[in-house]
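Asks: Next comes work_4.cif, mmCIF, C-alpha atoms:
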data_start
#
loop_
_atom_site.group_PDB
_atom_site.id
_atom_site.type_symbol
_atom_site.label_atom_id
_atom_site.label_comp_id
_atom_site.auth_asym_id
_atom_site.auth_seq_id
_atom_site.Cartn_x
_atom_site.Cartn_y
_atom_site.Cartn_z
ATOM 1 C CA MET A 1 -15.945 -5.905 0.095
ATOM 2 C CA ILE A 2 -13.742 -2.910 -0.723
ATOM 3 C CA ALA A 3 -10.087 -2.932 0.354
ATOM 4 C CA VAL A 4 -8.729 0.517 1.214
ATOM 5 C CA ILE A 5 -4.964 0.132 0.975
ATOM 6 C CA ASP A 6 -3.233 1.115 4.204
ATOM 7 C CA TYR A 7 0.397 2.009 3.520
ATOM 8 C CA GLY A 8 0.848 4.270 6.510
ATOM 9 C CA MET A 9 0.069 7.606 4.849
ATOM 10 C CA GLY A 10 -2.970 9.582 3.816
ATOM 11 C CA ASN A 11 -6.620 10.078 4.568
ATOM 12 C CA LEU A 12 -7.303 6.408 5.114
ATOM 13 C CA ARG A 13 -9.914 6.414 7.849
ATOM 14 C CA SER A 14 -11.901 9.248 6.270
ATOM 15 C CA VAL A 15 -12.109 7.317 2.999
ATOM 16 C CA GLN A 16 -13.235 4.175 4.818
ATOM 17 C CA LYS A 17 -15.878 6.131 6.760
ATOM 18 C CA ALA A 18 -17.175 7.777 3.583
ATOM 19 C CA LEU A 19 -17.564 4.388 1.909
ATOM 20 C CA GLU A 20 -19.375 3.050 4.955
ATOM 21 C CA THR A 21 -21.650 6.104 4.899
ATOM 22 C CA VAL A 22 -22.880 5.120 1.422
ATOM 23 C CA GLY A 23 -23.517 1.536 2.534
ATOM 24 C CA ALA A 24 -20.320 -0.169 1.379
ATOM 25 C CA ARG A 25 -18.313 -2.658 3.402
ATOM 26 C CA ALA A 26 -14.769 -1.292 3.483
ATOM 27 C CA ILE A 27 -11.678 -2.441 5.356
ATOM 28 C CA LEU A 28 -8.305 -0.787 5.894
ATOM 29 C CA THR A 29 -5.594 -3.290 5.080
ATOM 30 C CA HIS A 30 -1.994 -3.781 4.049
ATOM 31 C CA ASP A 31 -2.441 -7.545 3.764
ATOM 32 C CA PRO A 32 -1.721 -8.583 0.149
ATOM 33 C CA GLU A 33 -4.174 -11.486 0.336
ATOM 34 C CA GLU A 34 -7.030 -9.256 1.531
ATOM 35 C CA ILE A 35 -6.296 -6.823 -1.265
ATOM 36 C CA LEU A 36 -6.225 -9.575 -3.879
ATOM 37 C CA ASN A 37 -9.431 -11.150 -2.548
ATOM 38 C CA ALA A 38 -11.397 -7.886 -2.324
ATOM 39 C CA ASP A 39 -14.175 -7.110 -4.800
ATOM 40 C CA SER A 40 -12.819 -3.571 -5.328
ATOM 41 C CA VAL A 41 -9.697 -1.683 -4.272
ATOM 42 C CA VAL A 42 -9.115 1.942 -3.284
ATOM 43 C CA LEU A 43 -5.681 3.583 -3.190
ATOM 44 C CA PRO A 44 -5.903 6.880 -1.270
ATOM 45 C CA GLY A 45 -2.984 9.196 -0.745
ATOM 46 C CA VAL A 46 -1.756 12.356 0.913
ATOM 47 C CA GLY A 47 1.917 13.288 1.219
ATOM 48 C CA ALA A 48 5.069 13.045 -0.858
ATOM 49 C CA PHE A 49 5.142 10.817 -3.942
ATOM 50 C CA LYS A 50 8.578 9.391 -3.101
ATOM 51 C CA ASP A 51 7.582 8.443 0.459
ATOM 52 C CA CYS A 52 4.377 6.779 -0.683
ATOM 53 C CA MET A 53 6.171 4.678 -3.276
ATOM 54 C CA ALA A 54 8.768 3.706 -0.666
ATOM 55 C CA ASN A 55 6.043 2.575 1.729
ATOM 56 C CA LEU A 56 4.235 0.570 -0.947
ATOM 57 C CA LYS A 57 7.492 -1.230 -1.758
ATOM 58 C CA ARG A 58 8.436 -1.758 1.896
ATOM 59 C CA LEU A 59 5.053 -3.368 2.645
ATOM 60 C CA GLY A 60 5.125 -5.540 -0.470
ATOM 61 C CA LEU A 61 2.052 -3.870 -1.946
ATOM 62 C CA VAL A 62 3.241 -2.961 -5.444
ATOM 63 C CA ASP A 63 2.529 -6.395 -6.925
ATOM 64 C CA PRO A 64 -0.918 -6.728 -5.238
ATOM 65 C CA VAL A 65 -1.917 -3.313 -6.623
ATOM 66 C CA ARG A 66 -0.833 -4.272 -10.116
ATOM 67 C CA ALA A 67 -2.463 -7.697 -9.868
ATOM 68 C CA SER A 68 -5.722 -6.191 -8.651
ATOM 69 C CA ILE A 69 -5.848 -3.857 -11.630
ATOM 70 C CA GLU A 70 -4.902 -6.621 -14.065
ATOM 71 C CA SER A 71 -7.697 -8.798 -12.654
ATOM 72 C CA GLY A 72 -10.281 -6.319 -13.931
ATOM 73 C CA LYS A 73 -11.840 -5.505 -10.578
ATOM 74 C CA PRO A 74 -12.872 -1.862 -9.995
ATOM 75 C CA PHE A 75 -9.925 0.215 -8.798
ATOM 76 C CA LEU A 76 -10.101 3.765 -7.460
ATOM 77 C CA GLY A 77 -7.185 6.145 -6.892
ATOM 78 C CA ILE A 78 -7.693 9.300 -4.813
ATOM 79 C CA CYS A 79 -5.394 12.357 -4.935
ATOM 80 C CA LEU A 80 -1.855 10.960 -4.644
ATOM 81 C CA GLY A 81 -3.438 7.579 -5.409
ATOM 82 C CA LEU A 82 -4.109 8.962 -8.902
ATOM 83 C CA GLN A 83 -0.553 10.229 -9.343
ATOM 84 C CA LEU A 84 1.065 6.979 -8.202
ATOM 85 C CA LEU A 85 -0.547 5.131 -11.127
ATOM 86 C CA PHE A 86 1.663 6.971 -13.616
ATOM 87 C CA GLU A 87 5.237 6.358 -14.691
ATOM 88 C CA GLU A 88 7.068 9.109 -12.835
ATOM 89 C CA SER A 89 6.769 12.292 -10.799
ATOM 90 C CA GLU A 90 9.056 15.311 -10.780
ATOM 91 C CA GLU A 91 8.394 15.785 -7.038
ATOM 92 C CA PHE A 92 11.861 15.409 -5.437
ATOM 93 C CA GLY A 93 12.673 13.516 -8.566
ATOM 94 C CA PRO A 94 12.213 12.238 -11.051
ATOM 95 C CA VAL A 95 10.755 9.360 -9.005
ATOM 96 C CA HIS A 96 9.341 6.231 -10.599
ATOM 97 C CA GLY A 97 5.669 5.488 -9.943
ATOM 98 C CA LEU A 98 3.709 2.275 -10.403
ATOM 99 C CA GLY A 99 3.910 2.664 -14.175
ATOM 100 C CA ILE A 100 0.422 1.316 -14.763
ATOM 101 C CA LEU A 101 -0.622 4.291 -16.904
ATOM 102 C CA PRO A 102 1.621 6.153 -19.371
ATOM 103 C CA GLY A 103 2.337 9.726 -18.381
ATOM 104 C CA LYS A 104 3.980 11.867 -15.737
ATOM 105 C CA VAL A 105 3.264 14.060 -12.722
ATOM 106 C CA VAL A 106 4.327 17.713 -12.740
ATOM 107 C CA ARG A 107 4.154 20.698 -10.395
ATOM 108 C CA PHE A 108 1.944 23.702 -11.000
ATOM 109 C CA PRO A 109 4.055 26.363 -12.725
ATOM 110 C CA GLU A 110 5.219 29.170 -10.477
ATOM 111 C CA GLY A 111 3.556 32.507 -11.071
ATOM 112 C CA CYS A 112 0.575 31.247 -13.073
ATOM 113 C CA SER A 113 -2.370 33.599 -12.686
ATOM 114 C CA GLU A 114 -6.015 33.975 -13.655
ATOM 115 C CA THR A 115 -6.928 36.844 -11.362
ATOM 116 C CA GLU A 116 -7.747 40.360 -12.576
ATOM 117 C CA SER A 117 -5.000 41.762 -10.360
ATOM 118 C CA GLY A 118 -2.461 39.409 -11.890
ATOM 119 C CA ALA A 119 -1.578 37.989 -8.469
ATOM 120 C CA PRO A 120 -0.061 34.493 -8.719
ATOM 121 C CA MET A 121 -2.235 31.529 -7.809
ATOM 122 C CA LYS A 122 -1.290 29.975 -4.486
ATOM 123 C CA ILE A 123 0.419 26.593 -4.395
ATOM 124 C CA PRO A 124 -0.775 24.162 -3.154
ATOM 125 C CA HIS A 125 -4.115 24.352 -4.881
ATOM 126 C CA MET A 126 -6.402 24.023 -1.868
ATOM 127 C CA GLY A 127 -10.176 24.314 -1.624
ATOM 128 C CA TRP A 128 -13.243 23.945 -3.817
ATOM 129 C CA ASN A 129 -12.998 24.068 -7.589
ATOM 130 C CA SER A 130 -15.196 23.012 -10.484
ATOM 131 C CA VAL A 131 -14.627 20.093 -12.832
ATOM 132 C CA GLU A 132 -15.522 19.918 -16.494
ATOM 133 C CA VAL A 133 -16.789 16.475 -17.424
ATOM 134 C CA LYS A 134 -15.069 15.205 -20.563
ATOM 135 C CA LYS A 135 -16.152 11.584 -20.447
ATOM 136 C CA LYS A 136 -19.506 10.263 -19.277
ATOM 137 C CA ASP A 137 -18.094 7.162 -17.625
ATOM 138 C CA PRO A 138 -20.121 5.078 -15.132
ATOM 139 C CA LEU A 139 -19.197 7.375 -12.245
ATOM 140 C CA PHE A 140 -19.617 10.776 -13.892
ATOM 141 C CA LYS A 141 -22.624 10.142 -16.088
ATOM 142 C CA VAL A 142 -24.983 11.798 -13.595
ATOM 143 C CA VAL A 143 -22.585 14.479 -12.308
ATOM 144 C CA PRO A 144 -23.545 17.937 -13.623
ATOM 145 C CA ASP A 145 -20.826 19.686 -15.581
ATOM 146 C CA HIS A 146 -18.901 22.315 -13.574
ATOM 147 C CA SER A 147 -19.757 20.678 -10.240
ATOM 148 C CA TYR A 148 -17.474 21.582 -7.348
ATOM 149 C CA PHE A 149 -15.127 19.206 -5.523
ATOM 150 C CA TYR A 150 -12.454 19.654 -2.860
ATOM 151 C CA PHE A 151 -8.755 19.735 -3.831
ATOM 152 C CA VAL A 152 -5.440 19.761 -1.940
ATOM 153 C CA HIS A 153 -2.375 19.308 -4.174
ATOM 154 C CA SER A 154 0.683 20.930 -5.717
ATOM 155 C CA TYR A 155 1.178 18.453 -8.579
ATOM 156 C CA TYR A 156 -1.051 17.096 -11.342
ATOM 157 C CA VAL A 157 -0.924 14.305 -13.930
ATOM 158 C CA ILE A 158 -0.289 14.591 -17.647
ATOM 159 C CA PRO A 159 -1.516 11.346 -19.246
ATOM 160 C CA GLU A 160 -0.057 10.341 -22.598
ATOM 161 C CA ASP A 161 -3.419 8.920 -23.660
ATOM 162 C CA PRO A 162 -6.064 11.671 -23.895
ATOM 163 C CA THR A 163 -8.893 9.122 -24.113
ATOM 164 C CA MET A 164 -8.516 8.326 -20.408
ATOM 165 C CA VAL A 165 -9.274 11.916 -19.322
ATOM 166 C CA ALA A 166 -12.625 11.988 -17.500
ATOM 167 C CA THR A 167 -12.549 15.518 -16.038
ATOM 168 C CA THR A 168 -10.424 18.644 -16.192
ATOM 169 C CA THR A 169 -10.157 21.657 -13.868
ATOM 170 C CA ARG A 170 -8.664 25.141 -14.205
ATOM 171 C CA TYR A 171 -6.258 26.551 -11.670
ATOM 172 C CA GLY A 172 -3.934 28.908 -13.474
ATOM 173 C CA VAL A 173 -3.645 26.134 -16.066
ATOM 174 C CA GLU A 174 -6.109 23.489 -17.178
ATOM 175 C CA PHE A 175 -5.153 20.162 -15.607
ATOM 176 C CA VAL A 176 -6.526 16.627 -15.557
ATOM 177 C CA SER A 177 -8.583 16.138 -12.393
ATOM 178 C CA GLY A 178 -10.085 12.718 -13.148
ATOM 179 C CA ILE A 179 -9.267 9.725 -15.311
ATOM 180 C CA GLN A 180 -11.024 6.545 -16.346
ATOM 181 C CA HIS A 181 -9.329 3.699 -18.184
ATOM 182 C CA GLU A 182 -10.950 0.278 -18.361
ATOM 183 C CA ASN A 183 -11.476 -0.712 -14.693
ATOM 184 C CA ILE A 184 -9.398 2.197 -13.317
ATOM 185 C CA TYR A 185 -11.038 5.331 -11.921
ATOM 186 C CA ALA A 186 -8.986 8.041 -10.244
ATOM 187 C CA PHE A 187 -9.525 11.604 -9.027
ATOM 188 C CA GLN A 188 -7.155 14.405 -8.098
ATOM 189 C CA PHE A 189 -9.839 15.804 -5.790
ATOM 190 C CA HIS A 190 -11.057 14.211 -2.570
ATOM 191 C CA PRO A 191 -14.545 12.694 -2.948
ATOM 192 C CA GLU A 192 -14.617 11.879 0.779
ATOM 193 C CA LYS A 193 -14.336 15.635 1.498
ATOM 194 C CA SER A 194 -16.666 16.773 -1.276
ATOM 195 C CA GLN A 195 -20.002 16.380 0.506
ATOM 196 C CA THR A 196 -23.025 15.057 -1.425
ATOM 197 C CA LEU A 197 -21.495 14.838 -4.900
ATOM 198 C CA GLY A 198 -18.322 13.216 -3.611
ATOM 199 C CA LEU A 199 -20.289 10.625 -1.691
ATOM 200 C CA SER A 200 -22.397 9.919 -4.780
ATOM 201 C CA LEU A 201 -19.224 9.083 -6.716
ATOM 202 C CA LEU A 202 -18.102 6.703 -3.972
ATOM 203 C CA GLU A 203 -21.527 5.092 -3.874
ATOM 204 C CA ARG A 204 -21.503 4.422 -7.614
ATOM 205 C CA PHE A 205 -17.980 3.073 -7.387
ATOM 206 C CA SER A 206 -19.075 0.677 -4.625
ATOM 207 C CA ARG A 207 -21.798 -0.671 -6.922
ATOM 208 C CA LEU A 208 -19.620 -1.357 -9.953
ATOM 209 C CA ASN A 209 -19.252 -5.005 -8.933
#
Reformat the file's structure so that it appears as structure tokens.
Replies:
Amino acid sequence: MIAVIDYGMGNLRSVQKALETVGARAILTHDPEEILNADSVVLPGVGAFKDCMANLKRLGLVDPVRASIESGKPFLGICLGLQLLFEESEEFGPVHGLGILPGKVVRFPEGCSETESGAPMKIPHMGWNSVEVKKKDPLFKVVPDHSYFYFVHSYYVIPEDPTMVATTTRYGVEFVSGIQHENIYAFQFHPEKSQTLGLSLLERFSRLN
């Protein structure tokens, strides 16, 4: 059973439905016991970093998240769920995150450009973009390099440990779009919105246990 953490924000139902589509049993829950007893845990996220951390604390979910990761069970962060794993974000901040992984979350620089006209890239970064696979972990080992996934974000993570970087993406700058560290997997993009390839990632995640 996969616990999709419900902290009152984000694309919760769409993540649950995507997992069910690939044959997984997934529940939406903010019950600490259900999270701790689940075989795998997913932390989705859409919205402001500060608000998400406040909701996790208010619902008493910070310790269950940390305990789930420490237990060694497969853990997946999606979009803001990736960013929350790090120490702090500069969004309305600095704001402290879960502090599970060393590193920080920063905003795309204003005015960055890759277009021939020199026009600045729009923020938020929204739409399809390719990922370069840096690490053939259990989820990405069959994903072709430069495959396209769906993004919606204005901030990205800068991990202190480069060995955890699974994928990178270019949008004005090269940024980390996926990480893998021990039992932790996390994506800046939305696999539940990324059609066949996104569903294939969720299916492989559901089979890690």
Asks: When you count all atoms listed in the file, which of these residues is closest to Lys122 (chain A): A:Gly172, A:Pro138, A:Gly77, A:Gly97?
Replies: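 That would be A:Gly172, the residue with the smallest distance to Lys122 (chain A).
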Asks: In Å, how far is it from CA of Phe175 (chain A) to CA of Arg207 (chain A)?
Replies: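 Separation of CA of Phe175 (chain A) and CA of Arg207 (chain A): 28.0 Å.
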Asks: Could you give me, as a CSV table (one decimal) with C-alpha atoms, keeping the file's coordinate frame, the residues within 6 Å of region 16-30 of chain A, counting all atoms listed in the file and dropping anything in the same chain fewer than 3 positions from it?
Replies:
chain,number,residue,atom,x,y,z
A,1,MET,CA,-15.9,-5.9,0.1
A,2,ILE,CA,-13.7,-2.9,-0.7
A,3,ALA,CA,-10.1,-2.9,0.4
A,4,VAL,CA,-8.7,0.5,1.2
A,5,ILE,CA,-5.0,0.1,1.0
A,6,ASP,CA,-3.2,1.1,4.2
A,13,ARG,CA,-9.9,6.4,7.8
A,192,GLU,CA,-14.6,11.9,0.8
A,203,GLU,CA,-21.5,5.1,-3.9
Asks: List the residues selected by the PyMOL selection byres ((chain A and resi 38-42) around 9) in the file shown, writing them as a PyMOL selection string.
Replies: chain A and resi 1-5+15+33-37+43-44+65+68-69+73-78+81+205-206+208-209
Asks: Set the distance at 10 Å and use all atoms listed in the file: which residues neighbour Asn129 (chain A) once local chain neighbours fewer than 5 positions away are removed? I'd like the list as number ranges by chain.
Replies: A: 146-151, 169-171, 189
Asks: Between A:Leu61, A:Ile158, A:Val152, A:Val142, which residue has the minimum interatomic distance to Pro102 (chain A), considering all atoms listed in the file?
Replies: A:Ile158
Asks: Written as a PDB file with C-alpha atoms, keeping the file's coordinate frame, what is the full residue list that the PyMOL selection byres ((chain A and resi 88) around 10) yields on the file shown?
Replies:
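For reference, out_17.pdb as written:
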ATOM      1  CA  PHE A  49       5.142  10.817  -3.942  1.00  0.00           C
ATOM      2  CA  LYS A  50       8.578   9.391  -3.101  1.00  0.00           C
ATOM      3  CA  GLN A  83      -0.553  10.229  -9.343  1.00  0.00           C
ATOM      4  CA  LEU A  84       1.065   6.979  -8.202  1.00  0.00           C
ATOM      5  CA  LEU A  85      -0.547   5.131 -11.127  1.00  0.00           C
ATOM      6  CA  PHE A  86       1.663   6.971 -13.616  1.00  0.00           C
ATOM      7  CA  GLU A  87       5.237   6.358 -14.691  1.00  0.00           C
ATOM      8  CA  SER A  89       6.769  12.292 -10.799  1.00  0.00           C
ATOM      9  CA  GLU A  90       9.056  15.311 -10.780  1.00  0.00           C
ATOM     10  CA  GLU A  91       8.394  15.785  -7.038  1.00  0.00           C
ATOM     11  CA  GLY A  93      12.673  13.516  -8.566  1.00  0.00           C
ATOM     12  CA  PRO A  94      12.213  12.238 -11.051  1.00  0.00           C
ATOM     13  CA  VAL A  95      10.755   9.360  -9.005  1.00  0.00           C
ATOM     14  CA  HIS A  96       9.341   6.231 -10.599  1.00  0.00           C
ATOM     15  CA  GLY A  97       5.669   5.488  -9.943  1.00  0.00           C
ATOM     16  CA  LEU A  98       3.709   2.275 -10.403  1.00  0.00           C
ATOM     17  CA  GLY A  99       3.910   2.664 -14.175  1.00  0.00           C
ATOM     18  CA  LEU A 101      -0.622   4.291 -16.904  1.00  0.00           C
ATOM     19  CA  PRO A 102       1.621   6.153 -19.371  1.00  0.00           C
ATOM     20  CA  GLY A 103       2.337   9.726 -18.381  1.00  0.00           C
ATOM     21  CA  LYS A 104       3.980  11.867 -15.737  1.00  0.00           C
ATOM     22  CA  VAL A 105       3.264  14.060 -12.722  1.00  0.00           C
ATOM     23  CA  VAL A 106       4.327  17.713 -12.740  1.00  0.00           C
ATOM     24  CA  VAL A 157      -0.924  14.305 -13.930  1.00  0.00           C
TER      25      VAL A 157
END
Asks: Quick one: pull the distance between CA of Asp51 (chain A) and CA of Tyr156 (chain A), Å, one decimal.
Replies: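 That distance, rounded to one decimal, is 17.0 Å.
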Asks: Hey, can you check how far CA of His190 (chain A) sits from CA of Ser154 (chain A)?
Replies: 13.9 Å
Asks: If you apply the PyMOL selection byres ((chain A and resi 9) around 10) to this file, what residues do you get, as number ranges by chain?
Replies: A: 5-8, 10-12, 44-48, 51-52, 55
Asks: Nearest to Val143 (chain A): which of A:Ala67, A:Ala166, A:Ile184, A:Leu56 is it, counting all atoms listed in the file?
Replies: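 Of the candidates, the smallest distance to Val143 (chain A) is held by A:Ala166.
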Asks: Of the candidates A:Val173, A:Leu80, A:Val131, A:Val62, which shows the shortest atom-to-atom distance to Phe108 (chain A), using only C-alpha atoms?
Replies: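 Result for the nearest residue to Phe108 (chain A): A:Val173.
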Asks: Starting from 3 Å padding per side, set up an axis-aligned box that covers all listed atoms of region 17-24 of chain A and hand over centre and edge lengths in Å, one decimal, as JSON.
Replies:
{"center_x": -19.7, "center_y": 3.8, "center_z": 4.1, "size_x": 13.6, "size_y": 13.9, "size_z": 11.4}
Asks: Which is closer to Ile100 (chain A) than all the others in A:Asp137, A:Asp31, A:Glu132, A:Glu160, using only C-alpha atoms?
Replies: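 Nearest candidate to Ile100 (chain A) out of A:Asp137, A:Asp31, A:Glu132, A:Glu160: A:Glu160.
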